[in-house]
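**Q** To start, I am sharing the structure in question, which I have written as structure tokens.
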Amino acid sequence: MIPYGRQDITEEDIQSVVDILRSDFLTQGNTTNIFESRLATYCHAKYAIVTNSATSALHLSCLALDLQAGDYVWTSSISFVASSNCALYCGAQIDFIDIELSTGNICINSLENKLIKASAVNKLPKIVIAVHMAGNSCDMVALHQLSLKYGFKIIEDASHAIGARYLDQPVGNCQFSDITVFSFHPVKIITTGEGGCATTNNNLLAKKMAMLRSHGITRDKKEMLIPSDQEWYYEQILLGYNYRLTDIQAALGISQMNRVDDYVLKRNAIANIYTHGLKGLPVEPPSITQHAYSSYHLYIIRIQPNLVAKSRDEVFSQLRNLGIGVNFHYIPIFMQPYYQKFGLDPKDFPNACAYYKQAISLPIFPRLTDIDQNYIIASASKVLLKN
Ligand SMILES: *Cc1c(COP(=O)(O)O)cnc(C)c1O
């Protein structure tokens, strides 16, 4: 089976991890700091806080923005569940924004209509979490304008999008948001095994996230509530967690960062071959936002229901039977059993429901060979054109 995604690990990556295993610090040494400055520099952000997952980074982001019980968070109806679970961790209320079918990102028009209605009943969101689906940036200029008008904060869930660009700047520079979150899970663009990161330009948010990452403890005398001259003294001043990344993982991350641009270039080349190779077939290729450069974490096609006699599920299983590890991203979050209790009506999310019936993720990863890709394209033609 050709997988839909796969990590790329080199001898240099392995050596960098081995070096840490032979060193004095497996965690809380200096390697995470080096990884953080590498990420901040790469993203043109002032601060980067690495964590043991993107899920933890999303949780820390919500906490840093002071999300409380009773507050509302809105996110994309089509995303991984972590994009909305972070709101529930804080006791906040969750609601979803319908997507635009062409990109799978939040639909700005439907967001604006929802904001107008919410404003009338005083239920505006405190935070909107914008997901850059497949590595393609949302329309951040439009989203930022709405945030100024309606007074909400923005977290970018850029789990798919390290190496992506928007308006010729790296995603993660937080020009149009408060915090950006990345994931380093092995199927994502770069990996640390498990791992994540939050970038921000706001010193207070950065400090709060760093403190909450490690139990809410400070060793900074200026922040302490009880003065002490003792070297051993520290204070817990917030209720935090252990969301730290290890130095072992950070070493892998630093080594992977050497190839992030190559990875994204290769993913774009693969995407171009798909888009040309699938021309004439009854499928829609993914669209890219204006002024965006996608990192192509995923290559998602949509079966055109009026043009194909087979359902998506038939196409999916026939491709699987041909040894192609196609996948599906994502089930609308409001349809998950856990989310049923929130009583959301699928009719309010027509595009998410249509997308759910049409989308298929084709294999895309840096080491995908031309031979395999040609086989995938030939198989897709066979399955889509034959009854
Ligand atoms: C992978 C992913 C996450 C969670 O990432 P982890 O590092 O596995 O916690 C969150 N949001 C989206 C959109 C993702 O794809």
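By order of appearance in the structure tokens: chains A, B, ..., then residues from 1 within every chain, and ligands from 1 in the order shown.
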Range 269-281 of chain A: which residues within 8 Å, counting only C-alpha atoms, same-chain residues fewer than 3 positions away excluded, as a ChimeraX atom specification?
**A** /A:265-266,285,296,299,364,373,377,380-381,384-385
**Q** What does the file look like for those residues with all heavy atoms, as a compact mmCIF listing (two decimals), in the first residue's frame?
**A**
```txt
# COMPACT_ATOMS: atom_id res chain seq x y z
N LEU A 265 8.85 22.49 -1.44
CA LEU A 265 9.04 22.54 -2.90
C LEU A 265 8.63 21.22 -3.53
O LEU A 265 7.93 21.18 -4.55
CB LEU A 265 10.52 22.80 -3.23
CG LEU A 265 10.96 24.24 -3.39
CD1 LEU A 265 12.47 24.30 -3.60
CD2 LEU A 265 10.23 24.90 -4.57
N LYS A 266 9.10 20.13 -2.93
CA LYS A 266 8.80 18.80 -3.48
C LYS A 266 7.30 18.53 -3.43
O LYS A 266 6.70 18.01 -4.38
CB LYS A 266 9.57 17.72 -2.69
CG LYS A 266 9.40 16.30 -3.22
CD LYS A 266 10.15 16.11 -4.52
CE LYS A 266 9.57 15.09 -5.48
NZ LYS A 266 9.65 13.75 -5.32
N PRO A 285 -9.65 19.65 -8.41
CA PRO A 285 -8.40 19.72 -7.64
C PRO A 285 -8.53 20.79 -6.55
O PRO A 285 -9.46 21.59 -6.60
CB PRO A 285 -7.38 20.15 -8.70
CG PRO A 285 -8.16 20.93 -9.69
CD PRO A 285 -9.56 20.35 -9.69
N TYR A 296 1.12 22.14 1.00
CA TYR A 296 0.57 20.87 0.50
C TYR A 296 0.84 19.69 1.44
O TYR A 296 1.34 18.66 1.03
CB TYR A 296 1.09 20.55 -0.91
CG TYR A 296 0.29 21.23 -1.99
CD1 TYR A 296 0.81 22.28 -2.74
CD2 TYR A 296 -1.02 20.83 -2.25
CE1 TYR A 296 0.06 22.91 -3.73
CE2 TYR A 296 -1.78 21.45 -3.23
CZ TYR A 296 -1.24 22.48 -3.96
OH TYR A 296 -1.99 23.09 -4.94
N TYR A 299 -3.14 16.58 -0.42
CA TYR A 299 -3.68 16.91 -1.74
C TYR A 299 -5.07 16.29 -1.79
O TYR A 299 -5.22 15.07 -1.89
CB TYR A 299 -2.78 16.35 -2.86
CG TYR A 299 -3.22 16.83 -4.23
CD1 TYR A 299 -2.73 18.02 -4.76
CD2 TYR A 299 -4.17 16.11 -4.96
CE1 TYR A 299 -3.14 18.48 -6.00
CE2 TYR A 299 -4.59 16.56 -6.20
CZ TYR A 299 -4.07 17.74 -6.72
OH TYR A 299 -4.50 18.19 -7.95
N ILE A 364 0.65 12.04 -0.63
CA ILE A 364 1.62 13.11 -0.92
C ILE A 364 2.63 13.18 0.22
O ILE A 364 2.25 13.29 1.39
CB ILE A 364 0.92 14.49 -1.17
CG1 ILE A 364 1.93 15.54 -1.63
CG2 ILE A 364 0.13 14.96 0.03
CD1 ILE A 364 1.29 16.79 -2.24
N GLN A 373 3.54 7.80 -8.29
CA GLN A 373 2.56 8.85 -8.59
C GLN A 373 1.85 8.59 -9.92
O GLN A 373 0.64 8.78 -10.03
CB GLN A 373 3.21 10.24 -8.58
CG GLN A 373 2.12 11.30 -8.39
CD GLN A 373 2.61 12.72 -8.39
OE1 GLN A 373 3.80 13.00 -8.59
NE2 GLN A 373 1.69 13.64 -8.18
N ILE A 377 -2.19 8.13 -10.54
CA ILE A 377 -2.98 8.89 -11.51
C ILE A 377 -3.70 7.93 -12.48
O ILE A 377 -4.90 8.08 -12.75
CB ILE A 377 -2.09 9.89 -12.27
CG1 ILE A 377 -1.61 10.99 -11.30
CG2 ILE A 377 -2.83 10.50 -13.46
CD1 ILE A 377 -0.50 11.88 -11.84
N ALA A 380 -6.55 6.29 -10.66
CA ALA A 380 -7.67 7.22 -10.46
C ALA A 380 -8.48 7.35 -11.74
O ALA A 380 -9.72 7.33 -11.70
CB ALA A 380 -7.16 8.58 -10.01
N SER A 381 -7.81 7.42 -12.90
CA SER A 381 -8.54 7.51 -14.18
C SER A 381 -9.38 6.27 -14.37
O SER A 381 -10.55 6.35 -14.74
CB SER A 381 -7.60 7.62 -15.39
OG SER A 381 -6.52 8.42 -15.09
N LEU A 384 -12.35 6.26 -11.92
CA LEU A 384 -13.34 7.33 -12.11
C LEU A 384 -14.07 7.24 -13.45
O LEU A 384 -15.20 7.68 -13.58
CB LEU A 384 -12.66 8.70 -12.00
CG LEU A 384 -12.25 9.09 -10.57
CD1 LEU A 384 -11.22 10.20 -10.59
CD2 LEU A 384 -13.47 9.53 -9.77
N LEU A 385 -13.39 6.67 -14.46
CA LEU A 385 -14.01 6.66 -15.80
C LEU A 385 -14.77 5.38 -16.09
O LEU A 385 -15.65 5.38 -16.94
CB LEU A 385 -12.94 6.91 -16.87
CG LEU A 385 -12.28 8.28 -16.80
CD1 LEU A 385 -11.17 8.43 -17.84
CD2 LEU A 385 -13.30 9.42 -16.96
```
**Q** Kindly compile the residues surrounding ligand 1 within 8 Å, counting only C-alpha atoms and all ligand atoms, and format them as an mmCIF file with all heavy atoms, in the first residue's frame.
**A**
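Written output follows (part_16.cif):
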```
data_model
loop_
_atom_site.group_PDB
_atom_site.id
_atom_site.type_symbol
_atom_site.label_atom_id
_atom_site.label_comp_id
_atom_site.auth_asym_id
_atom_site.auth_seq_id
_atom_site.Cartn_x
_atom_site.Cartn_y
_atom_site.Cartn_z
ATOM 1 N N ASN A 52 4.837 19.569 23.538
ATOM 2 C CA ASN A 52 4.864 18.144 23.196
ATOM 3 C C ASN A 52 3.829 17.745 22.139
ATOM 4 O O ASN A 52 3.801 16.596 21.703
ATOM 5 C CB ASN A 52 4.720 17.279 24.456
ATOM 6 C CG ASN A 52 3.453 17.586 25.220
ATOM 7 O OD1 ASN A 52 2.647 18.412 24.791
ATOM 8 N ND2 ASN A 52 3.271 16.943 26.345
ATOM 9 N N SER A 53 2.973 18.679 21.715
ATOM 10 C CA SER A 53 2.062 18.439 20.590
ATOM 11 C C SER A 53 1.425 19.751 20.168
ATOM 12 O O SER A 53 1.462 20.739 20.930
ATOM 13 C CB SER A 53 0.958 17.444 20.962
ATOM 14 O OG SER A 53 0.040 18.040 21.853
ATOM 15 N N ALA A 54 0.821 19.762 18.991
ATOM 16 C CA ALA A 54 0.051 20.941 18.571
ATOM 17 C C ALA A 54 -1.195 21.067 19.433
ATOM 18 O O ALA A 54 -1.655 22.175 19.713
ATOM 19 C CB ALA A 54 -0.333 20.824 17.101
ATOM 20 N N THR A 55 -1.744 19.929 19.855
ATOM 21 C CA THR A 55 -2.916 19.955 20.731
ATOM 22 C C THR A 55 -2.609 20.742 22.005
ATOM 23 O O THR A 55 -3.396 21.598 22.422
ATOM 24 C CB THR A 55 -3.346 18.506 21.070
ATOM 25 O OG1 THR A 55 -3.562 17.815 19.837
ATOM 26 C CG2 THR A 55 -4.591 18.466 21.911
ATOM 27 N N SER A 56 -1.439 20.473 22.628
ATOM 28 C CA SER A 56 -1.053 21.242 23.826
ATOM 29 C C SER A 56 -0.839 22.707 23.481
ATOM 30 O O SER A 56 -1.188 23.586 24.278
ATOM 31 C CB SER A 56 0.229 20.734 24.470
ATOM 32 O OG SER A 56 0.431 19.398 24.287
ATOM 33 N N ALA A 57 -0.248 22.977 22.329
ATOM 34 C CA ALA A 57 0.002 24.376 21.940
ATOM 35 C C ALA A 57 -1.327 25.114 21.744
ATOM 36 O O ALA A 57 -1.455 26.289 22.107
ATOM 37 C CB ALA A 57 0.851 24.442 20.677
ATOM 38 N N LEU A 58 -2.331 24.422 21.201
ATOM 39 C CA LEU A 58 -3.656 25.041 21.041
ATOM 40 C C LEU A 58 -4.279 25.310 22.419
ATOM 41 O O LEU A 58 -4.865 26.374 22.648
ATOM 42 C CB LEU A 58 -4.577 24.125 20.220
ATOM 43 C CG LEU A 58 -4.316 24.087 18.715
ATOM 44 C CD1 LEU A 58 -5.023 22.892 18.062
ATOM 45 C CD2 LEU A 58 -4.766 25.387 18.041
ATOM 46 N N SER A 79 -12.097 20.089 10.275
ATOM 47 C CA SER A 79 -10.732 20.085 10.788
ATOM 48 C C SER A 79 -10.556 18.855 11.657
ATOM 49 O O SER A 79 -11.516 18.119 11.916
ATOM 50 C CB SER A 79 -10.445 21.339 11.612
ATOM 51 O OG SER A 79 -9.071 21.355 12.014
ATOM 52 N N PHE A 80 -9.319 18.671 12.118
ATOM 53 C CA PHE A 80 -9.081 17.637 13.112
ATOM 54 C C PHE A 80 -9.699 18.115 14.431
ATOM 55 O O PHE A 80 -9.696 19.319 14.717
ATOM 56 C CB PHE A 80 -7.571 17.400 13.251
ATOM 57 C CG PHE A 80 -7.243 16.256 14.169
ATOM 58 C CD1 PHE A 80 -7.767 14.995 13.946
ATOM 59 C CD2 PHE A 80 -6.417 16.445 15.253
ATOM 60 C CE1 PHE A 80 -7.475 13.943 14.800
ATOM 61 C CE2 PHE A 80 -6.112 15.401 16.106
ATOM 62 C CZ PHE A 80 -6.651 14.138 15.876
ATOM 63 N N VAL A 81 -10.195 17.155 15.221
ATOM 64 C CA VAL A 81 -10.945 17.510 16.437
ATOM 65 C C VAL A 81 -10.151 18.369 17.420
ATOM 66 O O VAL A 81 -10.739 19.114 18.211
ATOM 67 C CB VAL A 81 -11.472 16.250 17.156
ATOM 68 C CG1 VAL A 81 -12.570 15.572 16.343
ATOM 69 C CG2 VAL A 81 -10.348 15.261 17.446
ATOM 70 N N ALA A 82 -8.823 18.311 17.361
ATOM 71 C CA ALA A 82 -8.006 19.115 18.290
ATOM 72 C C ALA A 82 -8.280 20.609 18.138
ATOM 73 O O ALA A 82 -8.162 21.363 19.114
ATOM 74 C CB ALA A 82 -6.518 18.834 18.063
ATOM 75 N N SER A 83 -8.665 21.048 16.931
ATOM 76 C CA SER A 83 -8.932 22.477 16.694
ATOM 77 C C SER A 83 -10.067 22.989 17.570
ATOM 78 O O SER A 83 -10.130 24.182 17.853
ATOM 79 C CB SER A 83 -9.311 22.742 15.236
ATOM 80 O OG SER A 83 -8.356 22.235 14.360
ATOM 81 N N VAL A 131 -8.178 27.431 10.545
ATOM 82 C CA VAL A 131 -7.369 26.261 10.168
ATOM 83 C C VAL A 131 -6.896 26.434 8.726
ATOM 84 O O VAL A 131 -7.717 26.665 7.836
ATOM 85 C CB VAL A 131 -8.204 24.965 10.299
ATOM 86 C CG1 VAL A 131 -7.366 23.743 9.950
ATOM 87 C CG2 VAL A 131 -8.797 24.847 11.700
ATOM 88 N N HIS A 132 -5.601 26.341 8.512
ATOM 89 C CA HIS A 132 -5.067 26.423 7.138
ATOM 90 C C HIS A 132 -5.093 25.018 6.545
ATOM 91 O O HIS A 132 -4.117 24.266 6.618
ATOM 92 C CB HIS A 132 -3.650 26.986 7.139
ATOM 93 C CG HIS A 132 -3.545 28.352 7.749
ATOM 94 N ND1 HIS A 132 -4.462 29.353 7.516
ATOM 95 C CD2 HIS A 132 -2.616 28.894 8.593
ATOM 96 C CE1 HIS A 132 -4.111 30.447 8.179
ATOM 97 N NE2 HIS A 132 -3.000 30.198 8.854
ATOM 98 N N MET A 133 -6.232 24.680 5.969
ATOM 99 C CA MET A 133 -6.482 23.310 5.530
ATOM 100 C C MET A 133 -5.479 22.884 4.464
ATOM 101 O O MET A 133 -5.271 23.585 3.474
ATOM 102 C CB MET A 133 -7.911 23.240 4.975
ATOM 103 C CG MET A 133 -8.368 21.876 4.620
ATOM 104 S SD MET A 133 -8.523 20.822 6.088
ATOM 105 C CE MET A 133 -9.122 19.351 5.298
ATOM 106 N N ASP A 157 -4.555 27.779 13.343
ATOM 107 C CA ASP A 157 -4.155 26.375 13.461
ATOM 108 C C ASP A 157 -3.437 26.032 12.156
ATOM 109 O O ASP A 157 -4.052 25.678 11.151
ATOM 110 C CB ASP A 157 -5.350 25.457 13.702
ATOM 111 C CG ASP A 157 -4.924 23.993 13.887
ATOM 112 O OD1 ASP A 157 -3.768 23.665 13.552
ATOM 113 O OD2 ASP A 157 -5.751 23.186 14.355
ATOM 114 N N ALA A 158 -2.100 26.201 12.206
ATOM 115 C CA ALA A 158 -1.258 25.969 11.033
ATOM 116 C C ALA A 158 -0.553 24.620 11.163
ATOM 117 O O ALA A 158 0.578 24.457 10.703
ATOM 118 C CB ALA A 158 -0.251 27.112 10.886
ATOM 119 N N SER A 159 -1.247 23.664 11.783
ATOM 120 C CA SER A 159 -0.674 22.315 11.953
ATOM 121 C C SER A 159 -0.176 21.741 10.631
ATOM 122 O O SER A 159 0.765 20.954 10.614
ATOM 123 C CB SER A 159 -1.724 21.377 12.551
ATOM 124 O OG SER A 159 -1.967 21.720 13.884
ATOM 125 N N HIS A 160 -0.820 22.136 9.529
ATOM 126 C CA HIS A 160 -0.453 21.610 8.201
ATOM 127 C C HIS A 160 0.544 22.512 7.485
ATOM 128 O O HIS A 160 0.922 22.187 6.359
ATOM 129 C CB HIS A 160 -1.704 21.545 7.300
ATOM 130 C CG HIS A 160 -2.813 20.708 7.831
ATOM 131 N ND1 HIS A 160 -4.036 20.613 7.200
ATOM 132 C CD2 HIS A 160 -2.889 19.912 8.925
ATOM 133 C CE1 HIS A 160 -4.829 19.791 7.882
ATOM 134 N NE2 HIS A 160 -4.159 19.366 8.942
ATOM 135 N N PHE A 182 1.756 25.153 15.171
ATOM 136 C CA PHE A 182 2.237 24.145 14.213
ATOM 137 C C PHE A 182 2.269 22.769 14.875
ATOM 138 O O PHE A 182 2.439 22.667 16.097
ATOM 139 C CB PHE A 182 3.666 24.469 13.739
ATOM 140 C CG PHE A 182 3.790 25.758 12.994
ATOM 141 C CD1 PHE A 182 4.411 26.861 13.580
ATOM 142 C CD2 PHE A 182 3.286 25.887 11.707
ATOM 143 C CE1 PHE A 182 4.538 28.061 12.891
ATOM 144 C CE2 PHE A 182 3.413 27.088 11.007
ATOM 145 C CZ PHE A 182 4.044 28.171 11.612
ATOM 146 N N SER A 183 2.157 21.713 14.058
ATOM 147 C CA SER A 183 2.286 20.337 14.550
ATOM 148 C C SER A 183 3.504 19.670 13.920
ATOM 149 O O SER A 183 3.785 19.880 12.731
ATOM 150 C CB SER A 183 1.046 19.513 14.187
ATOM 151 O OG SER A 183 1.273 18.135 14.493
ATOM 152 N N PHE A 184 4.192 18.867 14.720
ATOM 153 C CA PHE A 184 5.343 18.102 14.216
ATOM 154 C C PHE A 184 5.098 16.600 14.329
ATOM 155 O O PHE A 184 6.017 15.805 14.545
ATOM 156 C CB PHE A 184 6.618 18.512 14.965
ATOM 157 C CG PHE A 184 6.869 20.003 14.969
ATOM 158 C CD1 PHE A 184 7.247 20.659 16.139
ATOM 159 C CD2 PHE A 184 6.724 20.752 13.809
ATOM 160 C CE1 PHE A 184 7.474 22.033 16.161
ATOM 161 C CE2 PHE A 184 6.941 22.130 13.817
ATOM 162 C CZ PHE A 184 7.319 22.768 14.988
ATOM 163 N N HIS A 185 3.842 16.207 14.195
ATOM 164 C CA HIS A 185 3.485 14.782 14.102
ATOM 165 C C HIS A 185 4.086 14.217 12.801
ATOM 166 O O HIS A 185 4.215 14.949 11.814
ATOM 167 C CB HIS A 185 1.949 14.661 14.108
ATOM 168 C CG HIS A 185 1.455 13.254 14.057
ATOM 169 N ND1 HIS A 185 1.332 12.561 12.870
ATOM 170 C CD2 HIS A 185 1.072 12.410 15.032
ATOM 171 C CE1 HIS A 185 0.891 11.342 13.134
ATOM 172 N NE2 HIS A 185 0.734 11.221 14.439
ATOM 173 N N LYS A 188 2.954 15.256 9.294
ATOM 174 C CA LYS A 188 2.963 16.683 8.948
ATOM 175 C C LYS A 188 4.249 17.034 8.175
ATOM 176 O O LYS A 188 5.009 16.146 7.801
ATOM 177 C CB LYS A 188 2.785 17.529 10.214
ATOM 178 C CG LYS A 188 1.567 17.121 11.068
ATOM 179 C CD LYS A 188 0.223 17.545 10.469
ATOM 180 C CE LYS A 188 -0.980 16.829 11.055
ATOM 181 N NZ LYS A 188 -1.446 17.287 12.352
ATOM 182 N N GLU A 194 6.391 13.318 18.218
ATOM 183 C CA GLU A 194 5.253 14.138 18.610
ATOM 184 C C GLU A 194 5.832 15.513 18.882
ATOM 185 O O GLU A 194 6.977 15.624 19.314
ATOM 186 C CB GLU A 194 4.574 13.626 19.886
ATOM 187 C CG GLU A 194 3.967 12.245 19.811
ATOM 188 C CD GLU A 194 2.572 12.218 19.166
ATOM 189 O OE1 GLU A 194 2.041 13.286 18.775
ATOM 190 O OE2 GLU A 194 2.028 11.110 19.052
ATOM 191 N N GLY A 195 5.050 16.551 18.681
ATOM 192 C CA GLY A 195 5.553 17.876 19.009
ATOM 193 C C GLY A 195 4.730 18.966 18.366
ATOM 194 O O GLY A 195 3.970 18.717 17.427
ATOM 195 N N GLY A 196 4.878 20.164 18.913
ATOM 196 C CA GLY A 196 4.159 21.306 18.377
ATOM 197 C C GLY A 196 4.847 22.598 18.762
ATOM 198 O O GLY A 196 5.877 22.583 19.449
#
```
**Q** What lies within 12 Å of Lys222 in chain A using only C-alpha atoms, ignoring chain neighbours under 5 positions off, as a list in words?
**A** Pro227, Ser228, Asp229, Tyr234 and Glu235 of chain A
**Q** When you look at Lys46 in chain A with a cut-off of 9 Å (counting only C-alpha atoms), what residues show up, excluding the ones that are within fewer than 3 positions of it in the same chain? I need them as a PyMOL selection string.
**A** chain A and resi 37+40-41+43+173+199-203
**Q** So which residues of range 104-182 of chain A fall under alpha helix (DSSP H) by DSSP, listed as a list of chain:residue names?
**A**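 The residues of range 104-182 of chain A classed as alpha helix (DSSP H) are A:Ile108, A:Asn109, A:Ser110, A:Leu111, A:Glu112, A:Asn113, A:Lys114, A:Leu115, A:Ile116, A:Lys117, A:Ala118, A:Ser119, A:Ala120, A:Met140, A:Val141, A:Ala142, A:Leu143, A:His144, A:Gln145, A:Leu146, A:Ser147, A:Leu148, A:Lys149, A:Tyr150.
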**Q** Can you tell me, as a list in words, what residues are no more than 7 Å from Leu101 in chain A when counting only C-alpha atoms, ignoring any on the same chain fewer than 2 positions away?
**A**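 Close residues of Leu101 in chain A: Ile99, Thr103, Gly104, Asn351 and Tyr355 of chain A.
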**Q** I want to know what sits within 12 Å of Arg302 in chain A, based on only C-alpha atoms, with residues of the same chain fewer than 3 positions away left out; could you give that as a ChimeraX atom specification?
**A** /A:101-104,278,281-287,299,305-308,311-313,315-316,328-329,354-362,384
**Q** Excluding Gly135 in chain A and residues on its chain fewer than 6 positions from it, collect all residues at most 7 Å away from it, counting only C-alpha atoms, and give them as a list in words.
**A**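 Here the answer would be His160, Ala161, Ala164, Ser294, Ser295, Tyr296 and His297 of chain A.
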**Q** What separation in Å, quoted to one decimal, exists between CA of Val187 in chain A and CA of Ile155 in chain A?
**A**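 So the answer is 21.8 Å.
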**Q** Compare A:Ser61, A:Asn374, A:Gln318, A:Asn327 by their minimum atom-to-atom distance to Met211 in chain A, counting only C-alpha atoms, and give me the closest one.
**A** A:Ser61
**Q** Residues of range 146-325 of chain A in strand (DSSP E) according to DSSP, as a PyMOL selection string?
**A** chain A and resi 153-157+165-166+169-170+179-183+196-200+217-218+235-236+283-284+292-293+299-303
**Q** Nearest residue to Thr191 in chain A out of A:Ile324, A:Ile179, A:Leu225, A:Ile9, using only C-alpha atoms?
**A**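 Closest candidate: A:Ile9.
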**Q** Between CA of Ser177 in chain A and CA of Ile254 in chain A, measure the distance and give it in Å to one decimal.
**A** 25.1 Å
**Q** With distances taken over only C-alpha atoms, which of A:Glu112, A:Glu11, A:Asp19, A:Asp24 is nearest to Ile97 in chain A?
**A**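 Comparing A:Glu112, A:Glu11, A:Asp19, A:Asp24 against Ile97 in chain A, the winner is A:Glu112.
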